[in-house]
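Participant: Input: one structure, supplied below.
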Amino acid sequence: MNLAIFASGKGSNCRVIHEHIAAGKLSAKIAIIISNVANAPVLDFARTNNIPCRHLAREQFTEIGEFHDALLRVLSEAQTDLIVLAGYMKKIGAPILQKYYHRVLNIHPALLPAFGGKGMYGISVHRAVLDYGAKISGITVHLVDEEYDHGPIVLQKAIEIDEGETETSLASKIQALEHRYYVEAIRWFADGRVHINGRQVSIISH
Ligand code: GRF
């Protein structure tokens, strides 16, 4: 299964996916890494590890259609089977969602549909969770549709919020969950175990 990873920042999830593949724990290939940020650390990571990568951003094109065409061309050249968003800060355009229908995955550092949407990224998600007084938080892996942090849920894992929890302590607990379970969800796709019926995603056990 050929993965196209979209990332805007540090790319720790991307690194974990790469490590699992290198260790033979995930039968997939990172065919391309795409970033909208020219100097994103994830692009350095790609170059260091000889993974094909591209900086592609809306601002490089006059018309949005040209941007989508360029993305579609790169995705097609990479023979993409699954698009994996790993900290990608932009919306995915309709032409890409149409071509890769039900084949675009995202991970969000909270339990959707709470604490999602525009502006809910990085530490602000954890701040909102703590400010609200939530007693649990977690991660959500979902299929992407045209709204931010929206679409059929593939996997959720929850953790308890401890007494005296801080934004940073919560962030590190959540990151550990992401690193453990994003690969798991990708593996379900690689193994052809994901069955989608409307909003309902079920994982077929072998
Ligand atoms: C993760 O918290 C993910 O849930 C969110 O963006 C962050 C990406 O982190 N969508 P990294 O760049 O993979 O370290």
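Residues are named by chain letter and number: chains run A, B, ... in the order of the structure tokens, numbers start at 1 in each chain, and ligands are numbered from 1 in the order shown.
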Quick one: residues within 7 Å of ligand 1, with only C-alpha atoms and all ligand atoms, as a ChimeraX atom specification?

Facilitator: /A:7-14,86-88,106-109,121-122,175,178

Participant: Can you write just those residues out, N, CA, C and O atoms, as a short mmCIF file (atom, residue, chain, number, x, y, z; two decimals), in the first residue's frame?

Facilitator:
data_model
loop_
_atom_site.label_atom_id
_atom_site.label_comp_id
_atom_site.auth_asym_id
_atom_site.auth_seq_id
_atom_site.Cartn_x
_atom_site.Cartn_y
_atom_site.Cartn_z
N ALA A 7 1.98 16.73 5.69
CA ALA A 7 2.34 17.25 7.01
C ALA A 7 2.82 18.68 6.88
O ALA A 7 3.43 19.04 5.88
N SER A 8 2.54 19.47 7.91
CA SER A 8 2.95 20.88 7.87
C SER A 8 4.08 21.19 8.84
O SER A 8 4.64 22.28 8.80
N GLY A 9 4.37 20.26 9.75
CA GLY A 9 5.27 20.65 10.83
C GLY A 9 6.36 19.66 11.11
O GLY A 9 7.12 19.24 10.23
N LYS A 10 6.36 19.24 12.37
CA LYS A 10 7.49 18.47 12.86
C LYS A 10 7.49 17.05 12.33
O LYS A 10 8.53 16.48 12.05
N GLY A 11 6.31 16.47 12.19
CA GLY A 11 6.25 15.16 11.54
C GLY A 11 6.64 13.99 12.42
O GLY A 11 7.18 13.00 11.94
N SER A 12 6.31 14.08 13.73
CA SER A 12 6.67 12.94 14.58
C SER A 12 5.82 11.72 14.23
O SER A 12 6.32 10.58 14.27
N ASN A 13 4.57 11.92 13.85
CA ASN A 13 3.75 10.77 13.43
C ASN A 13 4.30 10.16 12.15
O ASN A 13 4.34 8.93 12.00
N CYS A 14 4.76 11.01 11.25
CA CYS A 14 5.36 10.54 10.01
C CYS A 14 6.59 9.69 10.31
O CYS A 14 6.79 8.62 9.73
N ALA A 86 -0.87 14.00 8.67
CA ALA A 86 -0.15 13.90 9.94
C ALA A 86 0.29 15.31 10.33
O ALA A 86 1.41 15.72 10.07
N GLY A 87 -0.66 16.05 10.89
CA GLY A 87 -0.37 17.43 11.25
C GLY A 87 -0.37 18.33 10.03
O GLY A 87 0.48 19.21 9.90
N TYR A 88 -1.33 18.14 9.15
CA TYR A 88 -1.45 18.98 7.95
C TYR A 88 -2.48 20.07 8.26
O TYR A 88 -3.62 19.76 8.61
N ASN A 106 -7.12 11.15 8.85
CA ASN A 106 -6.56 12.22 9.68
C ASN A 106 -6.50 11.74 11.12
O ASN A 106 -7.27 10.86 11.53
N ILE A 107 -5.58 12.32 11.87
CA ILE A 107 -5.56 12.05 13.32
C ILE A 107 -5.73 13.37 14.05
O ILE A 107 -5.13 14.39 13.67
N HIS A 108 -6.59 13.35 15.07
CA HIS A 108 -6.86 14.57 15.84
C HIS A 108 -6.56 14.28 17.32
O HIS A 108 -6.96 13.23 17.82
N PRO A 109 -5.92 15.25 18.01
CA PRO A 109 -5.50 14.96 19.39
C PRO A 109 -6.57 15.20 20.45
O PRO A 109 -6.28 15.74 21.51
N TYR A 121 -5.80 23.10 17.17
CA TYR A 121 -4.62 22.30 16.87
C TYR A 121 -3.55 22.60 17.92
O TYR A 121 -3.65 23.60 18.64
N GLY A 122 -2.58 21.74 17.98
CA GLY A 122 -1.47 21.94 18.91
C GLY A 122 -1.98 22.06 20.34
O GLY A 122 -2.98 21.47 20.73
N GLN A 175 0.36 12.41 22.66
CA GLN A 175 1.31 12.08 21.59
C GLN A 175 1.72 10.60 21.66
O GLN A 175 1.83 9.93 20.63
N GLU A 178 -1.01 8.70 20.04
CA GLU A 178 -0.98 8.87 18.58
C GLU A 178 0.07 7.95 17.96
O GLU A 178 -0.18 7.28 16.97
#

Participant: Among chain A, which ones does DSSP assign to helix (DSSP H, G or I) (computed from the backbone)? Answer as a ChimeraX atom specification.

Facilitator: /A:12-22,41-48,58-60,64-77,94-99,123-132,167-190

Participant: With only C-alpha atoms as the atoms that count, which of A:Ala4, A:Ala114, A:Ile17, A:Pro52 lies nearest to Asp81 (chain A)?

Facilitator: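 Once distances to Asp81 (chain A) are computed over only C-alpha atoms, the minimum belongs to A:Ala4.
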
Participant: With a distance cut-off of 7 Å and only C-alpha atoms, select the neighbouring residues of His126 (chain A), excluding the residue or stretch itself and same-chain residues fewer than 4 positions from it, and output the selection as a list in words.

Facilitator: Leu130, Glu167, Leu170 and Ala171 of chain A

Participant: Could you give me, as a list in words, the residues within 10 Å of Val141 (chain A), counting only C-alpha atoms and dropping anything in the same chain fewer than 3 positions from it?

Facilitator: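 Everything that qualifies: Leu85, Leu105, Asn106, Ile107, His108, Pro109, Ala110, Leu111, Leu112, Val144, Asp149, Gly151, Pro152, Ile153, Val154, Leu155, Gln156, Lys157, Glu178, Tyr181, Tyr182, Ala185 and Ile186 of chain A.
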
Participant: Would you mind exporting N, CA and C atoms of the selected residues as a tab-separated table (two decimals), in the first residue's frame?

Facilitator:
chain	number	residue	atom	x	y	z
A	85	LEU	N	-2.96	12.20	6.64
A	85	LEU	CA	-2.68	13.54	7.15
A	85	LEU	C	-2.04	13.40	8.52
A	105	LEU	N	-7.05	9.81	5.53
A	105	LEU	CA	-7.13	9.63	6.98
A	105	LEU	C	-6.55	10.83	7.71
A	106	ASN	N	-7.12	11.15	8.85
A	106	ASN	CA	-6.56	12.22	9.68
A	106	ASN	C	-6.50	11.74	11.12
A	107	ILE	N	-5.58	12.32	11.87
A	107	ILE	CA	-5.56	12.05	13.32
A	107	ILE	C	-5.73	13.37	14.05
A	108	HIS	N	-6.59	13.35	15.07
A	108	HIS	CA	-6.86	14.57	15.84
A	108	HIS	C	-6.56	14.28	17.32
A	109	PRO	N	-5.92	15.25	18.01
A	109	PRO	CA	-5.50	14.96	19.39
A	109	PRO	C	-6.57	15.20	20.45
A	110	ALA	N	-7.80	14.81	20.17
A	110	ALA	CA	-8.90	14.89	21.15
A	110	ALA	C	-10.00	13.95	20.68
A	111	LEU	N	-11.03	13.85	21.51
A	111	LEU	CA	-12.13	12.93	21.17
A	111	LEU	C	-13.19	13.70	20.39
A	112	LEU	N	-13.18	13.57	19.09
A	112	LEU	CA	-14.18	14.25	18.25
A	112	LEU	C	-15.56	13.64	18.50
A	144	VAL	N	-11.49	11.72	6.17
A	144	VAL	CA	-11.62	13.17	6.00
A	144	VAL	C	-12.74	13.49	5.02
A	149	ASP	N	-11.87	18.41	10.81
A	149	ASP	CA	-12.02	17.45	11.91
A	149	ASP	C	-13.39	16.77	11.89
A	151	GLY	N	-15.89	13.61	9.75
A	151	GLY	CA	-15.88	12.45	8.85
A	151	GLY	C	-15.92	11.17	9.67
A	152	PRO	N	-16.27	10.05	9.02
A	152	PRO	CA	-16.45	8.79	9.74
A	152	PRO	C	-15.24	8.41	10.62
A	153	ILE	N	-15.55	8.00	11.84
A	153	ILE	CA	-14.49	7.67	12.81
A	153	ILE	C	-14.00	6.23	12.62
A	154	VAL	N	-12.70	6.10	12.53
A	154	VAL	CA	-12.06	4.79	12.34
A	154	VAL	C	-11.60	4.23	13.69
A	155	LEU	N	-11.07	5.10	14.54
A	155	LEU	CA	-10.51	4.62	15.82
A	155	LEU	C	-10.52	5.76	16.84
A	156	GLN	N	-10.85	5.44	18.07
A	156	GLN	CA	-10.68	6.41	19.16
A	156	GLN	C	-10.08	5.69	20.35
A	157	LYS	N	-9.20	6.38	21.06
A	157	LYS	CA	-8.64	5.86	22.30
A	157	LYS	C	-8.70	6.98	23.32
A	178	GLU	N	-1.01	8.70	20.04
A	178	GLU	CA	-0.98	8.87	18.58
A	178	GLU	C	0.07	7.95	17.96
A	181	TYR	N	-1.17	4.33	18.05
A	181	TYR	CA	-2.39	3.86	17.35
A	181	TYR	C	-2.58	4.34	15.92
A	182	TYR	N	-1.87	5.38	15.49
A	182	TYR	CA	-2.09	5.81	14.08
A	182	TYR	C	-1.64	4.69	13.14
A	185	ALA	N	-4.22	1.95	12.85
A	185	ALA	CA	-5.33	2.25	11.93
A	185	ALA	C	-4.87	2.11	10.48
A	186	ILE	N	-3.66	2.56	10.19
A	186	ILE	CA	-3.14	2.45	8.81
A	186	ILE	C	-3.00	0.97	8.44

Participant: Enumerate as a ChimeraX atom specification all residues of region 14-185 of chain A assigned to strand (DSSP E or B) by DSSP on the backbone, naming them with the chain letters and numbers the document uses.

Facilitator: /A:29-35,53-55,82-85,104-108,136-143,153-160

Participant: Env of Arg193 (chain A): 9 Å cut, atoms = only C-alpha atoms, seq-sep filter 2 positions within chain, self excluded. Answer as a PyMOL selection string.

Facilitator: chain A and resi 187-191+195+202-206
